[in-house]
$ cat query.cif   # mmCIF, C-alpha atoms and all ligand atoms
data_start
loop_
_atom_site.group_PDB
_atom_site.id
_atom_site.type_symbol
_atom_site.label_atom_id
_atom_site.label_comp_id
_atom_site.auth_asym_id
_atom_site.auth_seq_id
_atom_site.Cartn_x
_atom_site.Cartn_y
_atom_site.Cartn_z
ATOM 1 C CA MET A 1 104.331 110.015 96.594
ATOM 2 C CA TRP A 2 104.220 107.842 93.484
ATOM 3 C CA GLU A 3 106.523 108.452 90.532
ATOM 4 C CA TYR A 4 104.665 108.821 87.236
ATOM 5 C CA SER A 5 106.214 108.598 83.775
ATOM 6 C CA ASP A 6 106.000 111.591 81.427
ATOM 7 C CA LYS A 7 103.536 109.606 79.296
ATOM 8 C CA VAL A 8 101.184 109.065 82.239
ATOM 9 C CA LYS A 9 101.327 112.774 83.037
ATOM 10 C CA GLU A 10 100.731 113.718 79.397
ATOM 11 C CA HIS A 11 97.700 111.377 78.998
ATOM 12 C CA PHE A 12 96.290 112.620 82.282
ATOM 13 C CA LYS A 13 96.651 116.298 81.334
ATOM 14 C CA ASN A 14 95.492 115.828 77.737
ATOM 15 C CA PRO A 15 93.453 112.626 77.566
ATOM 16 C CA LYS A 16 92.637 111.371 74.070
ATOM 17 C CA ASN A 17 89.269 110.077 72.872
ATOM 18 C CA VAL A 18 87.192 111.181 75.831
ATOM 19 C CA GLY A 19 83.432 110.902 75.454
ATOM 20 C CA GLU A 20 80.889 108.489 74.090
ATOM 21 C CA ILE A 21 80.228 107.052 70.638
ATOM 22 C CA GLU A 22 76.667 107.274 69.454
ATOM 23 C CA ASN A 23 75.555 103.960 67.970
ATOM 24 C CA ALA A 24 78.663 102.194 69.284
ATOM 25 C CA ASP A 25 78.891 98.568 68.185
ATOM 26 C CA CYS A 26 79.732 97.538 71.717
ATOM 27 C CA ILE A 27 80.264 99.008 75.162
ATOM 28 C CA GLY A 28 82.335 97.576 77.974
ATOM 29 C CA GLU A 29 82.355 98.518 81.625
ATOM 30 C CA ALA A 30 84.712 97.808 84.506
ATOM 31 C CA GLY A 31 85.254 98.957 88.068
ATOM 32 C CA ALA A 32 82.635 100.428 90.360
ATOM 33 C CA LEU A 33 82.077 103.903 91.716
ATOM 34 C CA SER A 34 81.947 102.438 95.207
ATOM 35 C CA CYS A 35 85.588 101.345 94.689
ATOM 36 C CA GLY A 36 86.605 104.777 93.430
ATOM 37 C CA ASP A 37 87.253 103.892 89.762
ATOM 38 C CA LYS A 38 84.867 103.200 86.921
ATOM 39 C CA LEU A 39 85.460 102.970 83.181
ATOM 40 C CA LYS A 40 83.048 102.810 80.268
ATOM 41 C CA LEU A 41 84.585 101.976 76.887
ATOM 42 C CA TYR A 42 82.797 102.495 73.547
ATOM 43 C CA LEU A 43 83.947 100.804 70.313
ATOM 44 C CA LYS A 44 82.951 101.367 66.700
ATOM 45 C CA ILE A 45 83.863 98.346 64.581
ATOM 46 C CA GLU A 46 83.724 98.044 60.792
ATOM 47 C CA ASN A 47 84.765 94.949 58.827
ATOM 48 C CA ASN A 48 86.331 93.507 61.958
ATOM 49 C CA VAL A 49 88.547 96.582 62.471
ATOM 50 C CA ILE A 50 88.160 99.021 65.388
ATOM 51 C CA LYS A 51 87.519 102.361 63.692
ATOM 52 C CA ASP A 52 86.895 104.410 66.819
ATOM 53 C CA ALA A 53 87.266 104.046 70.582
ATOM 54 C CA LYS A 54 86.167 106.460 73.282
ATOM 55 C CA PHE A 55 85.943 106.337 77.045
ATOM 56 C CA GLN A 56 84.338 107.894 80.068
ATOM 57 C CA THR A 57 85.993 107.350 83.401
ATOM 58 C CA PHE A 58 85.635 108.405 86.987
ATOM 59 C CA GLY A 59 88.865 107.766 88.784
ATOM 60 C CA CYS A 60 92.419 108.840 89.499
ATOM 61 C CA GLY A 61 94.956 110.224 87.033
ATOM 62 C CA SER A 62 96.323 106.757 86.287
ATOM 63 C CA ALA A 63 92.829 105.500 85.400
ATOM 64 C CA VAL A 64 92.418 108.400 82.960
ATOM 65 C CA ALA A 65 95.882 107.806 81.463
ATOM 66 C CA ALA A 66 95.355 104.021 81.119
ATOM 67 C CA SER A 67 91.946 104.523 79.465
ATOM 68 C CA SER A 68 93.294 107.202 77.142
ATOM 69 C CA VAL A 69 96.288 105.174 75.969
ATOM 70 C CA LEU A 70 94.099 102.081 75.583
ATOM 71 C CA THR A 71 91.821 103.877 73.101
ATOM 72 C CA GLU A 72 94.904 104.889 71.094
ATOM 73 C CA MET A 73 96.153 101.301 71.102
ATOM 74 C CA LEU A 74 92.768 100.016 69.942
ATOM 75 C CA ILE A 75 92.053 102.276 66.973
ATOM 76 C CA GLY A 76 93.115 100.495 63.784
ATOM 77 C CA LYS A 77 93.439 97.048 65.389
ATOM 78 C CA THR A 78 91.377 94.032 64.337
ATOM 79 C CA VAL A 79 89.095 92.474 66.919
ATOM 80 C CA GLU A 80 91.462 89.496 67.218
ATOM 81 C CA GLU A 81 94.449 91.785 67.811
ATOM 82 C CA ALA A 82 92.504 93.768 70.412
ATOM 83 C CA LYS A 83 91.588 90.572 72.241
ATOM 84 C CA LYS A 84 95.290 89.909 72.846
ATOM 85 C CA ILE A 85 96.008 93.250 74.570
ATOM 86 C CA THR A 86 97.005 92.606 78.192
ATOM 87 C CA ASN A 87 96.979 94.994 81.110
ATOM 88 C CA LYS A 88 100.784 94.809 81.145
ATOM 89 C CA GLN A 89 100.897 96.081 77.564
ATOM 90 C CA ILE A 90 98.653 98.995 78.570
ATOM 91 C CA ALA A 91 101.030 99.831 81.453
ATOM 92 C CA ASP A 92 104.092 99.378 79.193
ATOM 93 C CA GLU A 93 102.576 101.762 76.637
ATOM 94 C CA LEU A 94 102.553 104.367 79.413
ATOM 95 C CA ASP A 95 106.226 103.577 80.195
ATOM 96 C CA GLY A 96 105.033 101.856 83.353
ATOM 97 C CA LEU A 97 102.703 102.533 86.260
ATOM 98 C CA PRO A 98 103.559 102.505 89.978
ATOM 99 C CA PRO A 99 102.753 99.017 91.410
ATOM 100 C CA GLU A 100 99.955 100.521 93.516
ATOM 101 C CA LYS A 101 98.335 101.817 90.310
ATOM 102 C CA MET A 102 98.596 98.680 88.155
ATOM 103 C CA HIS A 103 94.919 97.998 88.854
ATOM 104 C CA CYS A 104 94.107 100.944 86.529
ATOM 105 C CA SER A 105 95.587 98.985 83.620
ATOM 106 C CA VAL A 106 93.594 95.939 84.767
ATOM 107 C CA MET A 107 90.428 98.041 84.672
ATOM 108 C CA GLY A 108 91.256 98.968 81.047
ATOM 109 C CA ARG A 109 91.786 95.328 80.122
ATOM 110 C CA GLU A 110 88.549 94.323 81.865
ATOM 111 C CA ALA A 111 86.491 97.001 80.106
ATOM 112 C CA LEU A 112 87.985 95.889 76.781
ATOM 113 C CA GLU A 113 87.170 92.266 77.549
ATOM 114 C CA ASP A 114 83.625 93.200 78.514
ATOM 115 C CA ALA A 115 83.136 95.196 75.282
ATOM 116 C CA LEU A 116 84.503 92.451 73.043
ATOM 117 C CA LYS A 117 82.501 89.767 74.836
ATOM 118 C CA ASN A 118 79.387 91.851 74.187
ATOM 119 C CA TYR A 119 80.415 92.173 70.532
ATOM 120 C CA LEU A 120 81.490 88.562 69.927
ATOM 121 C CA GLY A 121 79.018 86.751 72.163
ATOM 122 C CA GLU A 122 79.707 83.031 72.052
ATOM 123 C CA ASP A 123 82.585 83.555 69.611
ATOM 124 C CA TRP A 124 84.684 85.095 72.412
ATOM 125 C CA GLY A 125 86.385 81.724 73.059
ATOM 126 C CA GLU A 126 89.315 81.215 75.373
ATOM 127 C CA LEU A 127 91.225 83.914 77.245
ATOM 128 C CA GLU A 128 94.451 84.715 75.393
ATOM 129 C CA ASP A 129 96.638 85.105 78.466
ATOM 130 C CA ASP A 130 95.527 81.734 79.875
ATOM 131 C CA LYS A 131 96.163 80.098 76.492
ATOM 132 C CA GLU A 132 99.657 81.531 76.191
ATOM 133 C CA THR A 133 100.858 80.495 79.621
ATOM 134 C CA GLU A 134 98.838 77.238 79.707
ATOM 135 C CA SER A 135 98.187 78.143 83.305
ATOM 136 C CA PRO A 136 95.451 80.450 84.576
ATOM 137 C CA ILE A 137 96.508 83.986 85.457
ATOM 138 C CA ILE A 138 95.952 84.538 89.181
ATOM 139 C CA CYS A 139 97.286 88.080 89.572
ATOM 140 C CA HIS A 140 96.110 90.101 86.597
ATOM 141 C CA CYS A 141 97.915 93.257 87.694
ATOM 142 C CA PHE A 142 101.294 91.562 87.265
ATOM 143 C CA GLN A 143 100.363 88.643 84.966
ATOM 144 C CA VAL A 144 101.383 86.040 87.542
ATOM 145 C CA SER A 145 100.084 82.585 86.686
ATOM 146 C CA GLU A 146 99.158 79.679 88.936
ATOM 147 C CA LYS A 147 102.298 77.924 87.666
ATOM 148 C CA ASP A 148 104.504 80.863 88.799
ATOM 149 C CA ILE A 149 102.999 80.682 92.290
ATOM 150 C CA ILE A 150 103.405 76.901 92.565
ATOM 151 C CA ASP A 151 107.014 77.308 91.398
ATOM 152 C CA ALA A 152 107.615 79.901 94.137
ATOM 153 C CA ILE A 153 106.191 77.504 96.750
ATOM 154 C CA GLU A 154 107.869 74.310 95.591
ATOM 155 C CA ASN A 155 111.208 75.588 94.357
ATOM 156 C CA LYS A 156 111.805 78.905 96.130
ATOM 157 C CA ASN A 157 110.519 78.014 99.563
ATOM 158 C CA ALA A 158 107.647 80.550 99.610
ATOM 159 C CA LYS A 159 105.429 79.868 102.601
ATOM 160 C CA THR A 160 103.315 82.997 102.984
ATOM 161 C CA LEU A 161 101.505 85.540 100.848
ATOM 162 C CA ASP A 162 104.292 87.960 101.677
ATOM 163 C CA ASP A 163 106.900 85.529 100.284
ATOM 164 C CA ILE A 164 104.881 85.131 97.070
ATOM 165 C CA THR A 165 104.665 88.920 96.688
ATOM 166 C CA LYS A 166 108.417 89.339 97.197
ATOM 167 C CA LEU A 167 109.193 86.656 94.612
ATOM 168 C CA THR A 168 106.588 87.460 91.942
ATOM 169 C CA SER A 169 105.085 90.930 92.709
ATOM 170 C CA ALA A 170 101.649 89.233 92.859
ATOM 171 C CA ALA A 171 99.206 91.027 95.191
ATOM 172 C CA LEU A 172 101.291 94.200 95.199
ATOM 173 C CA ALA A 173 98.549 96.376 93.683
ATOM 174 C CA CYS A 174 94.766 95.976 94.011
ATOM 175 C CA GLY A 175 95.012 92.779 96.066
ATOM 176 C CA ARG A 176 92.053 91.074 94.399
ATOM 177 C CA CYS A 177 94.230 88.003 93.814
ATOM 178 C CA LYS A 178 95.033 87.500 97.515
ATOM 179 C CA GLU A 179 92.245 85.039 98.232
ATOM 180 C CA ASN A 180 93.214 82.779 95.325
ATOM 181 C CA ILE A 181 96.903 82.931 96.244
ATOM 182 C CA GLU A 182 96.039 81.862 99.800
ATOM 183 C CA LYS A 183 94.101 78.888 98.379
ATOM 184 C CA ILE A 184 97.107 77.830 96.270
ATOM 185 C CA LEU A 185 99.406 78.251 99.279
ATOM 186 C CA LYS A 186 97.138 76.025 101.332
ATOM 187 C CA LYS A 187 97.092 73.362 98.658
ATOM 188 C CA TYR A 188 100.817 73.278 97.848
ATOM 189 C CA THR A 189 102.680 74.261 101.010
ATOM 190 C CA LYS A 190 104.629 71.404 102.537
ATOM 191 C CA LYS A 191 102.671 69.791 105.323
ATOM 192 C CA ASP A 192 104.184 69.006 108.709
ATOM 193 C CA PRO A 193 105.764 65.588 108.017
ATOM 194 C CA ALA A 194 104.405 64.286 111.313
ATOM 195 C CA ALA A 195 100.924 64.923 109.931
ATOM 196 C CA LEU A 196 101.576 62.700 106.893
ATOM 197 C CA SER A 197 100.661 59.022 107.066
ATOM 198 C CA PRO A 198 103.310 56.595 105.651
ATOM 199 C CA VAL A 199 101.294 56.273 102.438
ATOM 200 C CA GLN A 200 100.871 60.054 102.098
ATOM 201 C CA LYS A 201 104.627 60.432 102.641
ATOM 202 C CA ILE A 202 105.441 57.979 99.830
ATOM 203 C CA ILE A 203 102.991 59.761 97.514
ATOM 204 C CA LYS A 204 104.547 63.123 98.369
ATOM 205 C CA ILE A 205 108.098 61.793 97.810
ATOM 206 C CA ASN A 206 107.061 60.293 94.484
ATOM 207 C CA ASN A 207 105.399 63.555 93.486
ATOM 208 C CA VAL A 208 108.571 65.552 94.240
ATOM 209 C CA VAL A 209 110.675 63.007 92.320
ATOM 210 C CA GLU A 210 108.431 63.285 89.260
ATOM 211 C CA THR A 211 107.698 67.019 89.226
ATOM 212 C CA VAL A 212 110.845 68.594 90.695
ATOM 213 C CA ILE A 213 113.817 66.183 90.673
ATOM 214 C CA ASN A 214 113.469 64.241 87.421
ATOM 215 C CA PRO A 215 112.730 67.292 85.234
ATOM 216 C CA GLU A 216 116.114 68.700 86.382
ATOM 217 C CA LEU A 217 118.031 65.400 85.976
ATOM 218 C CA ASN A 218 116.370 64.792 82.593
ATOM 219 C CA LYS A 219 118.040 67.976 81.307
ATOM 220 C CA ASP A 220 121.345 66.022 81.452
ATOM 221 C CA PHE A 221 119.682 62.820 80.221
ATOM 222 C CA GLY A 222 119.633 61.286 83.679
ATOM 223 C CA GLY A 223 116.955 60.428 86.202
ATOM 224 C CA ILE A 224 115.953 58.343 89.211
ATOM 225 C CA GLU A 225 113.239 55.819 90.008
ATOM 226 C CA LEU A 226 111.777 55.482 93.468
ATOM 227 C CA VAL A 227 112.314 51.874 94.633
ATOM 228 C CA ASP A 228 111.235 51.864 98.263
ATOM 229 C CA VAL A 229 110.682 54.026 101.339
ATOM 230 C CA GLN A 230 111.459 52.485 104.740
ATOM 231 C CA ASN A 231 110.739 54.939 107.528
ATOM 232 C CA ASN A 232 113.017 57.855 106.612
ATOM 233 C CA ASN A 233 115.200 55.898 104.193
ATOM 234 C CA VAL A 234 114.433 56.596 100.554
ATOM 235 C CA ILE A 235 115.900 54.027 98.170
ATOM 236 C CA VAL A 236 116.232 54.991 94.533
ATOM 237 C CA LYS A 237 117.576 53.539 91.315
ATOM 238 C CA LEU A 238 119.677 55.727 89.025
ATOM 239 C CA THR A 239 118.614 55.775 85.374
ATOM 240 C CA GLY A 240 119.969 57.177 82.092
ATOM 241 C CA HIS A 241 123.259 59.079 82.353
ATOM 242 C CA CYS A 242 123.009 59.093 86.151
ATOM 243 C CA SER A 243 123.519 55.304 86.205
ATOM 244 C CA THR A 244 126.993 55.664 84.643
ATOM 245 C CA CYS A 245 127.993 59.024 86.094
ATOM 246 C CA ASN A 246 130.983 59.202 88.480
ATOM 247 C CA ASN A 247 129.312 62.027 90.374
ATOM 248 C CA ALA A 248 126.029 60.163 90.954
ATOM 249 C CA LYS A 249 126.632 59.821 94.709
ATOM 250 C CA LEU A 250 127.181 63.565 95.008
ATOM 251 C CA THR A 251 124.028 64.256 92.984
ATOM 252 C CA LEU A 252 122.041 61.969 95.294
ATOM 253 C CA LYS A 253 123.267 63.799 98.407
ATOM 254 C CA ASN A 254 123.544 67.364 97.147
ATOM 255 C CA PHE A 255 120.500 67.540 94.943
ATOM 256 C CA VAL A 256 118.051 64.641 95.429
ATOM 257 C CA GLU A 257 118.297 64.377 99.201
ATOM 258 C CA THR A 258 118.421 68.160 99.654
ATOM 259 C CA LYS A 259 115.232 68.628 97.598
ATOM 260 C CA LEU A 260 113.381 65.850 99.441
ATOM 261 C CA LYS A 261 114.430 67.284 102.799
ATOM 262 C CA GLU A 262 113.320 70.737 101.716
ATOM 263 C CA LEU A 263 109.982 69.747 100.206
ATOM 264 C CA VAL A 264 108.897 66.662 102.188
ATOM 265 C CA ASP A 265 110.714 65.926 105.444
ATOM 266 C CA ASP A 266 114.131 67.088 106.658
ATOM 267 C CA GLN A 267 114.782 63.672 108.233
ATOM 268 C CA LEU A 268 114.908 61.811 104.902
ATOM 269 C CA ILE A 269 118.093 59.972 103.858
ATOM 270 C CA VAL A 270 118.529 58.940 100.233
ATOM 271 C CA SER A 271 120.550 55.918 99.115
ATOM 272 C CA GLU A 272 121.048 53.942 95.950
ATOM 273 C CA GLU A 273 119.509 50.490 95.441
HETATM 274 S S1 LIG A 301 95.177 91.156 90.726
HETATM 275 FE FE1 LIG A 301 95.750 93.163 91.378
HETATM 276 S S2 LIG A 301 97.444 92.795 92.680
HETATM 277 FE FE2 LIG A 301 96.936 90.855 91.936
#

$ encode --input "query.cif" --output "C-alpha cells" --more "lines below"
Ligand code: FES
Amino acid sequence: MWEYSDKVKEHFKNPKNVGEIENADCIGEAGALSCGDKLKLYLKIENNVIKDAKFQTFGCGSAVAASSVLTEMLIGKTVEEAKKITNKQIADELDGLPPEKMHCSVMGREALEDALKNYLGEDWGELEDDKETESPIICHCFQVSEKDIIDAIENKNAKTLDDITKLTSAALACGRCKENIEKILKKYTKKDPAALSPVQKIIKINNVVETVINPELNKDFGGIELVDVQNNNVIVKLTGHCSTCNNAKLTLKNFVETKLKELVDDQLIVSEE
C-alpha cells in the first residue's frame, strides 16, 4: 500500500473549497473520467488577484487532496504568481505524494493552466517551467527536462527507458512521458560504431569534444582541438592550460580517450599532435 503524509490524509478527509463558483471568471479542466480522474477548477479574479478558488473532482484521495491544497495555494495570489505554480510545488505543499500518485498533482497544474489560459487568452505567453530550465519539460510528474534526459544518456550511460527512470525518476508515475523519452533515447543513444560512416564518426567525435569534453576542460581553463581522425586514431591539440600542464598526457588517456570510447567507439586511441 502507498504511504500518505498526514497532510494528504487531512485534505482528503476534510477537503477545502469544494464546489463551484457561480459567475467564475474562468474555469479549467483536466483529466478524463475514462482515465479515472477528472478535475474542474473555478477561479474568481479581481484586479488581477485570485479572490476565490473552488473545485469539483472525481478521482482518488490524492486527486482530492491535490485539488484541495491547490485552491488554498491559489487564493490571494496574483495571476502571474499562480502561473508559476508547478505540480511539484503542489505535491510539496502536501508534504509529498507517492510516485505512483504524482499524476494527481499534474492534473492540478493542468487544470490551473487551462483556467488561466482561458482567462488570459493570447496573453498567456511562454510556459514558466520551460523558461526556467531553458529546456522543455518532458516528464511533468517529476519536472524532468529534455536536458536532464540527454545528460543521463550522454554522461551517465543510460541506454533504456528503465535506466532513465532509475537516474531521474521520469516515467515513474502516470507514464505519459514514455513516448517522448523513447524518442530522445533513439536520437541520442550511441550508435553501433560499425554503422557510422567515416564522416559520421568524425562528426560524432567532434560533437563529443565540443559538448562533453571541452566544457569539463574549460572549467580549469584548458581544452582540446580536434586535428585529425585516421581510422581509430584521434589526433588532438591541447589548448589553454592543458597545453602547459604536466598531467596533460594523463588527462588525454584518463578523461578524453575514456569519454570518446564510452560515447563513440571503444576502439578509439587519442594522441597529441
Ligand atoms: S509525465 Fe507522469 S510520469 Fe512522466

$ atom_distance --input "query.cif" --atom1 "atom CA of A:Asp151" --atom2 "atom CA of A:Gly223"
20.3 Å

$ residues_near_ligand --input "query.cif" --ligand "ligand LIG 301 (chain A)" --cutoff "6 Å" --atoms "all atoms listed in the file" --output "list in words"
His103, Cys139, His140, Cys141, Ala170, Ala171, Leu172, Ala173, Cys174, Gly175, Arg176 and Cys177 of chain A

$ residues_around --input "query.cif" --residues "A:Lys156" --least-positions-apart "3" --cutoff "12 Å" --atoms "only C-alpha atoms" --output "PyMOL selection string"
chain A and resi 148-153+159-160+163-164+166-168+189+212+259+262-263

$ closest_residue --input "query.cif" --among "A:Ser271, A:Gln89, A:Asn155, A:Thr57" --to "A:Asn17" --atoms "only C-alpha atoms"
A:Thr57

$ resolve_selection --input "query.cif" --expression "the PyMOL selection byres (((chain A and resi 108-120) around 9) and not hetatm)" --output "PyMOL selection string"
chain A and resi 25-31+39-43+63+66-67+70+79+82-83+85-87+90+103-107+121-125

$ write_last_selection --input "query.cif" --atoms "C-alpha atoms" --output "JSON list (two decimals), keeping the file's coordinate frame"
[["chain", "number", "residue", "atom", "x", "y", "z"],
["A", 25, "ASP", "CA", 78.89, 98.57, 68.18],
["A", 26, "CYS", "CA", 79.73, 97.54, 71.72],
["A", 27, "ILE", "CA", 80.26, 99.01, 75.16],
["A", 28, "GLY", "CA", 82.34, 97.58, 77.97],
["A", 29, "GLU", "CA", 82.36, 98.52, 81.62],
["A", 30, "ALA", "CA", 84.71, 97.81, 84.51],
["A", 31, "GLY", "CA", 85.25, 98.96, 88.07],
["A", 39, "LEU", "CA", 85.46, 102.97, 83.18],
["A", 40, "LYS", "CA", 83.05, 102.81, 80.27],
["A", 41, "LEU", "CA", 84.58, 101.98, 76.89],
["A", 42, "TYR", "CA", 82.80, 102.50, 73.55],
["A", 43, "LEU", "CA", 83.95, 100.80, 70.31],
["A", 63, "ALA", "CA", 92.83, 105.50, 85.40],
["A", 66, "ALA", "CA", 95.36, 104.02, 81.12],
["A", 67, "SER", "CA", 91.95, 104.52, 79.46],
["A", 70, "LEU", "CA", 94.10, 102.08, 75.58],
["A", 79, "VAL", "CA", 89.10, 92.47, 66.92],
["A", 82, "ALA", "CA", 92.50, 93.77, 70.41],
["A", 83, "LYS", "CA", 91.59, 90.57, 72.24],
["A", 85, "ILE", "CA", 96.01, 93.25, 74.57],
["A", 86, "THR", "CA", 97.00, 92.61, 78.19],
["A", 87, "ASN", "CA", 96.98, 94.99, 81.11],
["A", 90, "ILE", "CA", 98.65, 99.00, 78.57],
["A", 103, "HIS", "CA", 94.92, 98.00, 88.85],
["A", 104, "CYS", "CA", 94.11, 100.94, 86.53],
["A", 105, "SER", "CA", 95.59, 98.98, 83.62],
["A", 106, "VAL", "CA", 93.59, 95.94, 84.77],
["A", 107, "MET", "CA", 90.43, 98.04, 84.67],
["A", 121, "GLY", "CA", 79.02, 86.75, 72.16],
["A", 122, "GLU", "CA", 79.71, 83.03, 72.05],
["A", 123, "ASP", "CA", 82.58, 83.56, 69.61],
["A", 124, "TRP", "CA", 84.68, 85.10, 72.41],
["A", 125, "GLY", "CA", 86.38, 81.72, 73.06]]

$ residues_around --input "query.cif" --residues "A:Asn218" --least-positions-apart "5" --cutoff "12 Å" --atoms "only C-alpha atoms" --output "NGL selection string"
:A and (209-213 or 223-224 or 238-242)

$ atom_distance --input "query.cif" --atom1 "atom CA of A:Glu182" --atom2 "atom CA of A:Asp92"
28.2 Å

$ residues_around --input "query.cif" --residues "A:Ile205" --least-positions-apart "5" --cutoff "9 Å" --atoms "all atoms listed in the file" --output "NGL selection string"
:A and (200 or 210 or 226 or 229 or 234 or 260 or 263-264)

$ resolve_selection --input "query.cif" --expression "the PyMOL selection byres (((chain A and resi 235) around 10) and not hetatm)" --output "PyMOL selection string"
chain A and resi 224-230+232-234+236-237+269-273

$ atom_distance --input "query.cif" --atom1 "atom CA of A:Gly76" --atom2 "atom CA of A:Lys44"
10.6 Å

$ closest_residue --input "query.cif" --among "A:Lys38, A:Ala53, A:Glu3, A:Lys88" --to "A:Val18" --atoms "all atoms listed in the file"
A:Ala53

$ residues_around --input "query.cif" --residues "A:Val69" --least-positions-apart "4" --cutoff "10 Å" --atoms "all atoms listed in the file" --output "list in words"
Lys7, Val8, His11, Phe12, Pro15, Lys16, Asn17, Val64, Ala65, Met73, Leu74, Ile90, Ala91, Glu93, Leu94, Ser105 and Gly108 of chain A

$ closest_residue --input "query.cif" --among "A:Ile75, A:Ala158, A:Cys245, A:Met102" --to "A:Phe142" --atoms "all atoms listed in the file"
A:Met102

$ decode --input "query.cif" --residues "stretch 114-126 of chain A" --atoms "N, CA and C atoms" --output "PDB file, in the first residue's frame"
ATOM      1  N   ASP A 114      -5.139  25.410 -17.738  1.00  0.00           N
ATOM      2  CA  ASP A 114      -6.303  25.536 -18.616  1.00  0.00           C
ATOM      3  C   ASP A 114      -7.142  26.755 -18.209  1.00  0.00           C
ATOM      4  N   ALA A 115      -7.355  26.924 -16.892  1.00  0.00           N
ATOM      5  CA  ALA A 115      -8.167  28.054 -16.412  1.00  0.00           C
ATOM      6  C   ALA A 115      -7.502  29.377 -16.765  1.00  0.00           C
ATOM      7  N   LEU A 116      -6.191  29.467 -16.506  1.00  0.00           N
ATOM      8  CA  LEU A 116      -5.511  30.748 -16.749  1.00  0.00           C
ATOM      9  C   LEU A 116      -5.366  31.039 -18.244  1.00  0.00           C
ATOM     10  N   LYS A 117      -5.256  29.988 -19.036  1.00  0.00           N
ATOM     11  CA  LYS A 117      -5.212  30.210 -20.498  1.00  0.00           C
ATOM     12  C   LYS A 117      -6.562  30.751 -20.951  1.00  0.00           C
ATOM     13  N   ASN A 118      -7.644  30.211 -20.379  1.00  0.00           N
ATOM     14  CA  ASN A 118      -8.972  30.723 -20.732  1.00  0.00           C
ATOM     15  C   ASN A 118      -9.115  32.182 -20.300  1.00  0.00           C
ATOM     16  N   TYR A 119      -8.513  32.516 -19.158  1.00  0.00           N
ATOM     17  CA  TYR A 119      -8.631  33.883 -18.630  1.00  0.00           C
ATOM     18  C   TYR A 119      -7.745  34.850 -19.429  1.00  0.00           C
ATOM     19  N   LEU A 120      -6.505  34.434 -19.697  1.00  0.00           N
ATOM     20  CA  LEU A 120      -5.538  35.351 -20.316  1.00  0.00           C
ATOM     21  C   LEU A 120      -5.586  35.350 -21.843  1.00  0.00           C
ATOM     22  N   GLY A 121      -6.111  34.298 -22.420  1.00  0.00           N
ATOM     23  CA  GLY A 121      -6.128  34.216 -23.887  1.00  0.00           C
ATOM     24  C   GLY A 121      -4.726  34.323 -24.441  1.00  0.00           C
ATOM     25  N   GLU A 122      -4.538  35.215 -25.388  1.00  0.00           N
ATOM     26  CA  GLU A 122      -3.230  35.321 -26.056  1.00  0.00           C
ATOM     27  C   GLU A 122      -2.140  35.847 -25.138  1.00  0.00           C
ATOM     28  N   ASP A 123      -2.537  36.426 -23.988  1.00  0.00           N
ATOM     29  CA  ASP A 123      -1.519  36.965 -23.075  1.00  0.00           C
ATOM     30  C   ASP A 123      -0.853  35.872 -22.236  1.00  0.00           C
ATOM     31  N   TRP A 124      -1.276  34.611 -22.430  1.00  0.00           N
ATOM     32  CA  TRP A 124      -0.712  33.517 -21.632  1.00  0.00           C
ATOM     33  C   TRP A 124       0.814  33.456 -21.756  1.00  0.00           C
ATOM     34  N   GLY A 125       1.331  33.609 -22.981  1.00  0.00           N
ATOM     35  CA  GLY A 125       2.789  33.633 -23.183  1.00  0.00           C
ATOM     36  C   GLY A 125       3.428  32.285 -23.026  1.00  0.00           C
ATOM     37  N   GLU A 126       4.678  32.328 -22.559  1.00  0.00           N
ATOM     38  CA  GLU A 126       5.511  31.116 -22.512  1.00  0.00           C
ATOM     39  C   GLU A 126       5.295  30.359 -21.210  1.00  0.00           C
TER      40      GLU A 126
END
